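Enquirer: My questions will all concern the structure given below.
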Amino acid sequence: MMSEDAGRMLVMYDDPSDQRSLSLDETSSTEESPDETRLSLETTADSVPYIGQRFATHDAAYEFYSEYAKRCGFSIRRHRTEGKDGVGKGLTRRYFVCHRAGNTPVKTLNDSKPQRNRKSSRCGCQAYLRISKVTDLGPAEWRVTGFVNHHNHELLEPNQVRFLPAYRTISDADKNRILMFAKTGISVQQMMRLMELEKCVEPGYLPFTEKDVRNLLQSFRKSDQEDESIDLLRMCRNNKDKDPNFKFEYTLDSNNRLDNIAWSYASSVQSYEIYGDAVVFDTTHRLTAFDMPLGIWVGVNNYGMPCFFGCVLLREENSRSFSWALKGLAKSVSSYFFSLQKAFLGFMNGKAPQTILTDQNMCLKEAMAIEMPSTKHALCIWMIVAKFPSWFNAVLGERYNEWKAEFYRLYNLESIEDFELGWRDMVNFFGLHTNRHIANLFALRTLWALPYLRSHFFAGMTTTGHSKAINSFIQRFLSAQTRLAQFVEQVAVAVDFKDQAAEQQTMQQNLQNICLKTGAPMESHAASVLTPFAFSKLQEQLVLAAHYASFQMDDGFLVRHHTKLEGGRKVYWVPREGIISCSCHQFEFSGILCRHALRVLSTGNCFQIPDRYLPLRWRRISTSPAKLLQSTSSDHTERIQLLQSMVSTLVTESAKSKERLDIATEQVSILLSRIREQPVASQGARDISPIHRNL
């Protein structure tokens with residue numbers, strides 16, 4: 001804020017020969033001058049308008065006053081023009097006023113149109129500059145005849161005034177640069193940083209903001225919106241013709257234009273059949289070049305790698321987009337989500353996931369309860385934590401990191417009672433009683449805090465490691481394109497690349513020599529069944545189990561660390577039925593037995609983990625060749641999957657010795673030569689194409 005003397009001092013000049021009443025409300029007539037080239041002025045830092053000051057044009061006067069306003073901490077706008085009585089006299093007087101002059105008129109409410117509840121900055125400020133046209137002394141010129149420099153509001157500091165709309169401009173050269181960046185697929189934040197480096201300015205000191213860039217990209221997108229939509233639908237239909245298993249759904253608006261579209265690939269549907277028990281629906285991204293909201297369904301496979309299930313692209317993030325409704329559903333904000341989930345379930349043959357993780361969106365929460373009543377809906381903790389700096393950094397200051405550590409401690413607790421007591425203590429200790437984000441987090445605690453979620457399976461996707469892997473995968477196809485249709489192809493390329501990388505990583509994991517750490521029969525048995533990724537998780541628990549003691553009770557076992565004298569976990573084991581469960585619920589949560597249950601199994605002379613506790617979704621996929629012989633041409637997709645499993649098993653078994661590897665290499669070479677000698681039937685080629693991404 002400027003000093004009282006400089007900022008709010010009353011400075012009034014007026015030419016008695018040119019007195020007119022001035023009203024700065026919105027009922028005054030206004031007229032914008034024609035678009036003319038503004039004259040550049042060389043002014044000193046102490047230049048102040050004064051009565052009698054002369055300018056060649058009214059644009060030169062505007063430029064001078066604008067530069068003065070910027071130095072003082074406000075901006076100006078053209079307010080009113082006046083002309084002398086009589087025909088043909090033309091423009092003779094102009095008023096330039098403070099950007100906060102006048103008052104916002106009351107808008108007439110229209111129930112059929114959504115209202116933008118934006119607060120106006122206008123407060124009736126009376127500061128102005130008046131210029132009048134003079135022709136008495138030769139060529140026409142403009143002279144200052146009135147100047148009021150009194151403001152009824154605070155003036156801005158230099159580092160704040162540059163954010164006023166009047167001083168935020170994007171030159172034609174910068175517009176071209178931004179469009180070029182958009183085509184390369186970088187984010188708006190990256191664009192801003194690159195241009196700051198190119199122009200050698202400090203971060204945040206460009207003459208425009210991220211919002212200005214997003215608005216510019218939005219205008220690029222709207223310029224040929226209908227052509228984009230036509231090309232996008234044509235691309236999807238062509239994909240459907242080439243691959244009958246490619247699936248897409250779309251909606252049209254009231255003008256019969258594309259509104260929203262969702263799609264999924266054949267390989268994605270096949271992956272979902274096995275790994276669709278736990279799903280992340282990420283709606284936090286946007287398609288940069290077109291500033292379009294993007295939703296992506298992803299999961300994790302048996303090797304711990306992300307797998308793509310489907311994608312949705314929205315035309316606008318408003319009530320129209322949120323009304324993607326089917327028959328029988330009300331046209332409301334949440335109805336979009338109802339149909340969105342129906343589209344996804346339609347892609348996946350009606351199979352709903354056991355659990356689904358989403359961003360913090362209450363409309364989506366409501367839709368999940370209606371469309372997927374048997375699915376446990378939870379919030380992605382990593383999407384919540386990403387907002388912490390903006391929520392709490394300024395509030396907590398130097399105590400932010402201390403608070404964050406305490407938050408994570410509470411988040412990882414097992415007992416609901418301990419969590420709620422600890423949360424109360426945390427709020428008291430950090431003085432966050434009135435913080436609305438803290439209140440909101442606690443109100444939603446059953447959707448994100450682990451003590452409330454441990455009895456549901458999430459495939460480990462609540463961890464930071466999985467969040468990074470999923471985000472890295474999504475970034476592969478978040479680059480912007482000049483055409484929307486290219487985005488569908490780009491996603492397909494990313495899915496192809498992911499599948500190929502997954503195959504390579506799977507092979508590398510299988511070729512690794514697994515190091516047994518305990519020597520227990522349970523460990524070697526699990527190593528032969530589980531993928532290296534899943535086995536490494538189980539092995540951690542096996543190693544820790546040796547540090548625990550078990551005590552048989554009347555209703556099960558009490559297991560606790562050997563250094564503890566109190567507490568512990570209750571384990572229930574029915575050897576005859578092969579059933580075991582623990583009060584920590586780790587198996588239900590991750591599909592991996594906990595150290596407590598493993599300790600009880602070891603104490604009870606169990607040398608193999610029961611099959612039901614080695615879930616299929618974490619196993620090395622291995623299938624008997626007999627099933628392949630029983631297959632018919634009608635289950636071509638299943639036969640390819642079986643072949644893929646056999647190849648994976650072949651690699652695993654061959655890698656165990658040099659002799660095995662030599663035999664496998666020789667025989668596979670012979671087999672491959674025989675296969676290449678066989679003709680490729682057109683029907684067979686057509687059948688293979690939908691699933692080539694799995695090979």
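Residues are named by chain letter and number: chains run A, B, ... in the order of the structure tokens, numbers start at 1 in each chain, and ligands are numbered from 1 in the order shown.
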Can you pull out the residues contacting range 545-561 of chain A? Cut-off 8 Å, using only C-alpha atoms, and skip same-chain residues under 6 positions away; I want them as a VMD selection string.

Expert: chain A and resid 567 to 573 595 to 596 598 to 600 603

Enquirer: Which neighbours of Pro521 in chain A fall inside 8 Å, counting only C-alpha atoms, when residues of the same chain fewer than 3 positions from it are skipped, and could you give them as a list of chain:residue names?

Expert: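 Using only C-alpha atoms, the neighbours found are A:Ser524, A:His525, A:Phe607, A:Gln608.
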
Enquirer: Please list as a PyMOL selection string every residue within 8 Å of Gly460 in chain A, counting only C-alpha atoms and excluding residues in the same chain fewer than 5 positions away.

Expert: chain A and resi 466+589-590

Enquirer: Could you tell me how far CA of Ala526 in chain A lies from CA of Cys606 in chain A, in Å and to one decimal?

Expert: 12.9 Å

Enquirer: Can you tell me, as number ranges by chain, which residues in range 239-481 of chain A count as strand (DSSP E or B) by DSSP?

Expert: A: 247-252, 258-264, 278-287, 292-300, 306-314, 355-358, 376-379

Enquirer: Save the residues we just selected, N, CA and C atoms, as a CSV table (one decimal), in the first residue's frame?

Expert:
chain,number,residue,atom,x,y,z
A,247,LYS,N,-14.6,-49.5,-27.7
A,247,LYS,CA,-15.9,-49.0,-27.2
A,247,LYS,C,-15.9,-47.5,-26.9
A,248,PHE,N,-17.0,-46.8,-27.3
A,248,PHE,CA,-17.1,-45.4,-27.0
A,248,PHE,C,-18.6,-45.0,-26.9
A,249,GLU,N,-18.8,-44.0,-26.1
A,249,GLU,CA,-20.1,-43.4,-25.8
A,249,GLU,C,-20.0,-41.9,-25.9
A,250,TYR,N,-21.0,-41.2,-26.4
A,250,TYR,CA,-21.0,-39.8,-26.4
A,250,TYR,C,-22.3,-39.2,-26.2
A,251,THR,N,-22.4,-37.9,-25.9
A,251,THR,CA,-23.6,-37.2,-25.8
A,251,THR,C,-23.6,-35.9,-26.6
A,252,LEU,N,-24.7,-35.4,-27.1
A,252,LEU,CA,-24.8,-34.2,-27.8
A,252,LEU,C,-25.6,-33.1,-27.0
A,258,LEU,N,-21.3,-32.1,-30.2
A,258,LEU,CA,-20.7,-33.1,-29.3
A,258,LEU,C,-20.5,-32.4,-27.9
A,259,ASP,N,-20.9,-33.0,-26.9
A,259,ASP,CA,-20.8,-32.5,-25.5
A,259,ASP,C,-19.7,-33.2,-24.7
A,260,ASN,N,-19.9,-34.5,-24.6
A,260,ASN,CA,-18.9,-35.4,-23.8
A,260,ASN,C,-18.7,-36.7,-24.5
A,261,ILE,N,-17.6,-37.3,-24.3
A,261,ILE,CA,-17.3,-38.6,-25.0
A,261,ILE,C,-16.4,-39.4,-24.1
A,262,ALA,N,-16.6,-40.7,-24.0
A,262,ALA,CA,-15.8,-41.6,-23.3
A,262,ALA,C,-15.5,-42.8,-24.1
A,263,TRP,N,-14.3,-43.4,-23.9
A,263,TRP,CA,-13.9,-44.5,-24.7
A,263,TRP,C,-13.0,-45.5,-24.0
A,264,SER,N,-12.9,-46.7,-24.5
A,264,SER,CA,-12.0,-47.7,-23.9
A,264,SER,C,-11.5,-48.7,-25.0
A,278,ALA,N,-9.9,-53.0,-8.0
A,278,ALA,CA,-9.7,-51.7,-7.4
A,278,ALA,C,-9.3,-50.7,-8.5
A,279,VAL,N,-10.0,-49.5,-8.6
A,279,VAL,CA,-9.9,-48.6,-9.7
A,279,VAL,C,-9.7,-47.2,-9.1
A,280,VAL,N,-8.8,-46.4,-9.8
A,280,VAL,CA,-8.7,-45.0,-9.5
A,280,VAL,C,-9.4,-44.2,-10.7
A,281,PHE,N,-10.3,-43.3,-10.3
A,281,PHE,CA,-10.9,-42.5,-11.3
A,281,PHE,C,-10.4,-41.0,-11.1
A,282,ASP,N,-9.4,-40.6,-11.9
A,282,ASP,CA,-8.7,-39.4,-11.8
A,282,ASP,C,-9.3,-38.3,-12.6
A,283,THR,N,-9.9,-37.3,-12.0
A,283,THR,CA,-10.6,-36.2,-12.8
A,283,THR,C,-9.9,-34.9,-12.6
A,284,THR,N,-8.6,-34.9,-12.2
A,284,THR,CA,-7.9,-33.7,-11.8
A,284,THR,C,-7.1,-33.1,-13.0
A,285,HIS,N,-7.1,-33.7,-14.2
A,285,HIS,CA,-6.3,-33.3,-15.3
A,285,HIS,C,-7.1,-32.6,-16.3
A,286,ARG,N,-6.5,-31.8,-17.2
A,286,ARG,CA,-7.1,-31.1,-18.3
A,286,ARG,C,-6.3,-31.3,-19.6
A,287,LEU,N,-7.0,-31.3,-20.7
A,287,LEU,CA,-6.3,-31.4,-22.0
A,287,LEU,C,-5.8,-30.0,-22.3
A,292,MET,N,-9.7,-28.7,-21.6
A,292,MET,CA,-10.9,-29.5,-21.4
A,292,MET,C,-10.7,-30.5,-20.2
A,293,PRO,N,-11.6,-30.6,-19.3
A,293,PRO,CA,-11.5,-31.5,-18.2
A,293,PRO,C,-11.4,-33.0,-18.8
A,294,LEU,N,-10.6,-33.8,-18.1
A,294,LEU,CA,-10.3,-35.1,-18.5
A,294,LEU,C,-10.4,-36.1,-17.3
A,295,GLY,N,-11.1,-37.2,-17.5
A,295,GLY,CA,-11.3,-38.2,-16.5
A,295,GLY,C,-10.6,-39.5,-17.0
A,296,ILE,N,-9.9,-40.2,-16.2
A,296,ILE,CA,-9.1,-41.4,-16.6
A,296,ILE,C,-9.4,-42.5,-15.5
A,297,TRP,N,-9.7,-43.7,-16.0
A,297,TRP,CA,-9.9,-44.8,-15.1
A,297,TRP,C,-8.6,-45.7,-15.2
A,298,VAL,N,-7.9,-45.9,-14.1
A,298,VAL,CA,-6.7,-46.7,-14.1
A,298,VAL,C,-6.7,-47.7,-12.9
A,299,GLY,N,-5.9,-48.7,-13.0
A,299,GLY,CA,-5.8,-49.7,-12.0
A,299,GLY,C,-4.3,-50.1,-11.9
A,300,VAL,N,-4.1,-51.2,-11.2
A,300,VAL,CA,-2.7,-51.8,-11.1
A,300,VAL,C,-2.7,-53.3,-11.3
A,306,PRO,N,0.8,-49.7,-13.5
A,306,PRO,CA,-0.5,-49.1,-13.8
A,306,PRO,C,-1.1,-49.8,-15.1
A,307,CYS,N,-2.4,-49.9,-15.1
A,307,CYS,CA,-3.1,-50.4,-16.3
A,307,CYS,C,-4.3,-49.5,-16.6
A,308,PHE,N,-4.4,-49.2,-17.9
A,308,PHE,CA,-5.5,-48.2,-18.3
A,308,PHE,C,-6.8,-48.9,-18.6
A,309,PHE,N,-7.9,-48.3,-18.1
A,309,PHE,CA,-9.2,-48.9,-18.2
A,309,PHE,C,-10.1,-48.1,-19.2
A,310,GLY,N,-10.0,-46.8,-19.1
A,310,GLY,CA,-10.9,-46.0,-19.9
A,310,GLY,C,-10.6,-44.5,-19.7
A,311,CYS,N,-11.3,-43.7,-20.6
A,311,CYS,CA,-11.0,-42.2,-20.6
A,311,CYS,C,-12.3,-41.5,-21.0
A,312,VAL,N,-12.5,-40.3,-20.4
A,312,VAL,CA,-13.6,-39.5,-20.7
A,312,VAL,C,-13.1,-38.0,-20.9
A,313,LEU,N,-13.7,-37.4,-21.9
A,313,LEU,CA,-13.3,-36.0,-22.3
A,313,LEU,C,-14.6,-35.2,-22.2
A,314,LEU,N,-14.6,-34.0,-21.5
A,314,LEU,CA,-15.7,-33.2,-21.4
A,314,LEU,C,-15.6,-31.9,-22.2
A,355,THR,N,-13.7,-51.5,-5.1
A,355,THR,CA,-13.4,-50.2,-4.6
A,355,THR,C,-13.0,-49.2,-5.7
A,356,ILE,N,-13.3,-47.9,-5.4
A,356,ILE,CA,-12.9,-46.9,-6.4
A,356,ILE,C,-12.4,-45.7,-5.7
A,357,LEU,N,-11.3,-45.1,-6.1
A,357,LEU,CA,-10.7,-43.9,-5.5
A,357,LEU,C,-10.9,-42.8,-6.4
A,358,THR,N,-11.3,-41.6,-5.9
A,358,THR,CA,-11.6,-40.4,-6.7
A,358,THR,C,-11.1,-39.2,-6.0
A,376,LYS,N,-17.1,-49.8,-2.8
A,376,LYS,CA,-16.7,-48.9,-1.7
A,376,LYS,C,-16.0,-47.7,-2.3
A,377,HIS,N,-16.5,-46.5,-2.1
A,377,HIS,CA,-16.0,-45.2,-2.6
A,377,HIS,C,-15.1,-44.6,-1.6
A,378,ALA,N,-13.9,-44.2,-2.0
A,378,ALA,CA,-12.9,-43.6,-1.1
A,378,ALA,C,-12.2,-42.4,-1.9
A,379,LEU,N,-11.6,-41.5,-1.1
A,379,LEU,CA,-10.9,-40.4,-1.7
A,379,LEU,C,-9.4,-40.7,-1.8
